[in-house]
Amino acid sequence: MSTVLSNFESWKKFLGDRIEAAKDMGIGEETIAKLAYEIGEFLDNKVDPKNEEQRVLKELWDVGDESERKTMASLMVKLAGRG
């Protein structure tokens with residue numbers, strides 16, 4: 001996992017692959033977005049950013065309220081799904 005986290009492009013691909021797997025299993029967009037929010041909370045509390053992009057995301061996450069964090073999580077799902 002640390003290799004995935006150290007490179008932002010690898011991280012986006014990893015997320016995109018997991019999102020596609022979830023969709024293939026019949027998990028809906030809203031549920032995926034909720035899971036992304038929970039993962040964001042976990043990463044914020046437990047994982048030190050490994051690159052500049054993750055540091056920026058963490059800083060934005062830290063200043064955002066719950067609604068803004070949910071929006072960020074949804075946007076990360078969209079970004080990862082584009083790959």
# chains A, B, ... in the order shown; residues from 1 in each chain; ligands from 1

$ residues_around --residues "stretch 30-32 of chain A" --least-positions-apart "2" --cutoff "10 Å" --atoms "only C-alpha atoms" --output "ChimeraX atom specification"
/A:18-19,22-23,27-28,34-38,73-74,77

$ residues_around --residues "A:Val63" --least-positions-apart "6" --cutoff "12 Å" --atoms "only C-alpha atoms" --output "mmCIF file with all heavy atoms, in the first residue's frame"
data_model
loop_
_atom_site.group_PDB
_atom_site.id
_atom_site.type_symbol
_atom_site.label_atom_id
_atom_site.label_comp_id
_atom_site.auth_asym_id
_atom_site.auth_seq_id
_atom_site.Cartn_x
_atom_site.Cartn_y
_atom_site.Cartn_z
ATOM 1 N N ASP A 44 -7.022 10.833 6.709
ATOM 2 C CA ASP A 44 -6.722 12.080 7.409
ATOM 3 C C ASP A 44 -6.192 11.817 8.808
ATOM 4 O O ASP A 44 -5.250 12.463 9.259
ATOM 5 C CB ASP A 44 -7.968 12.963 7.470
ATOM 6 C CG ASP A 44 -7.699 14.288 8.157
ATOM 7 O OD1 ASP A 44 -6.719 14.968 7.784
ATOM 8 O OD2 ASP A 44 -8.462 14.646 9.066
ATOM 9 N N VAL A 56 -1.738 18.599 -0.253
ATOM 10 C CA VAL A 56 -2.741 19.617 -0.592
ATOM 11 C C VAL A 56 -4.139 19.102 -0.264
ATOM 12 O O VAL A 56 -4.952 19.820 0.337
ATOM 13 C CB VAL A 56 -2.648 20.026 -2.083
ATOM 14 C CG1 VAL A 56 -3.850 20.861 -2.501
ATOM 15 C CG2 VAL A 56 -1.361 20.779 -2.342
ATOM 16 N N LEU A 57 -4.428 17.852 -0.646
ATOM 17 C CA LEU A 57 -5.741 17.279 -0.336
ATOM 18 C C LEU A 57 -5.985 17.240 1.161
ATOM 19 O O LEU A 57 -7.081 17.550 1.633
ATOM 20 C CB LEU A 57 -5.862 15.876 -0.932
ATOM 21 C CG LEU A 57 -5.987 15.814 -2.445
ATOM 22 C CD1 LEU A 57 -5.915 14.369 -2.924
ATOM 23 C CD2 LEU A 57 -7.269 16.476 -2.915
ATOM 24 N N ARG A 69 -16.126 18.132 2.863
ATOM 25 C CA ARG A 69 -15.357 16.893 2.793
ATOM 26 C C ARG A 69 -16.095 15.842 1.964
ATOM 27 O O ARG A 69 -15.478 15.108 1.201
ATOM 28 C CB ARG A 69 -15.090 16.354 4.196
ATOM 29 C CG ARG A 69 -14.089 17.190 4.960
ATOM 30 C CD ARG A 69 -13.919 16.686 6.354
ATOM 31 N NE ARG A 69 -12.909 17.484 7.054
ATOM 32 C CZ ARG A 69 -12.473 17.213 8.265
ATOM 33 N NH1 ARG A 69 -12.942 16.162 8.927
ATOM 34 N NH2 ARG A 69 -11.555 17.975 8.826
ATOM 35 N N MET A 72 -15.491 16.756 -1.559
ATOM 36 C CA MET A 72 -14.139 16.347 -1.957
ATOM 37 C C MET A 72 -14.079 14.853 -2.233
ATOM 38 O O MET A 72 -13.456 14.415 -3.205
ATOM 39 C CB MET A 72 -13.124 16.704 -0.869
ATOM 40 C CG MET A 72 -12.719 18.147 -0.843
ATOM 41 S SD MET A 72 -11.431 18.462 0.387
ATOM 42 C CE MET A 72 -10.100 17.444 -0.241
#

$ select_by_dssp --residues "chain A" --states "alpha helix (DSSP H)" --output "tab-separated table (two decimals) with C-alpha atoms, in the first residue's frame"
chain	number	residue	atom	x	y	z
A	2	SER	CA	2.84	2.43	0.72
A	3	THR	CA	3.95	2.20	-2.95
A	4	VAL	CA	0.43	3.08	-4.06
A	5	LEU	CA	0.35	6.06	-1.72
A	6	SER	CA	3.77	7.40	-2.70
A	8	PHE	CA	-0.40	10.20	-6.96
A	9	GLU	CA	-1.03	8.65	-10.38
A	10	SER	CA	-0.74	5.17	-8.85
A	11	TRP	CA	-3.14	6.24	-6.11
A	12	LYS	CA	-5.71	7.47	-8.66
A	13	LYS	CA	-5.39	4.23	-10.66
A	14	PHE	CA	-5.75	2.17	-7.48
A	15	LEU	CA	-8.90	4.09	-6.53
A	16	GLY	CA	-10.27	3.88	-10.07
A	17	ASP	CA	-9.79	0.11	-10.14
A	18	ARG	CA	-11.58	-0.25	-6.81
A	19	ILE	CA	-14.42	1.98	-7.95
A	20	GLU	CA	-14.91	-0.10	-11.09
A	21	ALA	CA	-14.87	-3.30	-9.02
A	22	ALA	CA	-17.50	-1.83	-6.69
A	23	LYS	CA	-19.70	-0.83	-9.64
A	24	ASP	CA	-19.31	-4.32	-11.13
A	29	GLU	CA	-22.60	5.88	-6.76
A	30	GLU	CA	-24.03	7.21	-3.49
A	31	THR	CA	-22.65	4.28	-1.51
A	32	ILE	CA	-19.27	4.63	-3.23
A	33	ALA	CA	-19.20	8.33	-2.33
A	34	LYS	CA	-20.03	7.51	1.32
A	35	LEU	CA	-17.23	4.96	1.40
A	36	ALA	CA	-14.84	7.48	-0.16
A	37	TYR	CA	-15.72	9.92	2.62
A	38	GLU	CA	-15.03	7.28	5.28
A	39	ILE	CA	-11.72	6.42	3.62
A	40	GLY	CA	-10.85	10.12	3.53
A	41	GLU	CA	-11.53	10.39	7.26
A	42	PHE	CA	-9.34	7.34	7.91
A	43	LEU	CA	-6.49	8.66	5.76
A	44	ASP	CA	-6.72	12.08	7.41
A	45	ASN	CA	-6.41	10.56	10.88
A	46	LYS	CA	-3.99	7.70	10.26
A	52	GLU	CA	2.62	17.11	-2.61
A	53	GLU	CA	-0.78	16.27	-4.07
A	54	GLN	CA	-1.81	14.30	-1.00
A	55	ARG	CA	-0.54	17.10	1.26
A	56	VAL	CA	-2.74	19.62	-0.59
A	57	LEU	CA	-5.74	17.28	-0.34
A	58	LYS	CA	-5.10	16.84	3.40
A	59	GLU	CA	-4.88	20.59	3.95
A	60	LEU	CA	-8.15	21.11	2.06
A	61	TRP	CA	-9.77	18.24	3.97
A	62	ASP	CA	-8.62	19.72	7.28
A	63	VAL	CA	-10.15	23.15	6.60
A	66	GLU	CA	-18.40	17.77	6.74
A	67	SER	CA	-20.33	18.88	3.65
A	68	GLU	CA	-17.18	20.11	1.92
A	69	ARG	CA	-15.36	16.89	2.79
A	70	LYS	CA	-18.19	14.86	1.27
A	71	THR	CA	-17.89	16.98	-1.87
A	72	MET	CA	-14.14	16.35	-1.96
A	73	ALA	CA	-14.72	12.61	-1.58
A	74	SER	CA	-17.21	12.65	-4.46
A	75	LEU	CA	-14.78	14.61	-6.60
A	76	MET	CA	-11.99	12.12	-5.86
A	77	VAL	CA	-14.33	9.32	-6.97
A	78	LYS	CA	-14.98	11.21	-10.22
A	79	LEU	CA	-11.28	11.92	-10.73
A	80	ALA	CA	-10.27	8.31	-10.10
A	81	GLY	CA	-13.05	7.07	-12.39
A	82	ARG	CA	-11.75	9.07	-15.35
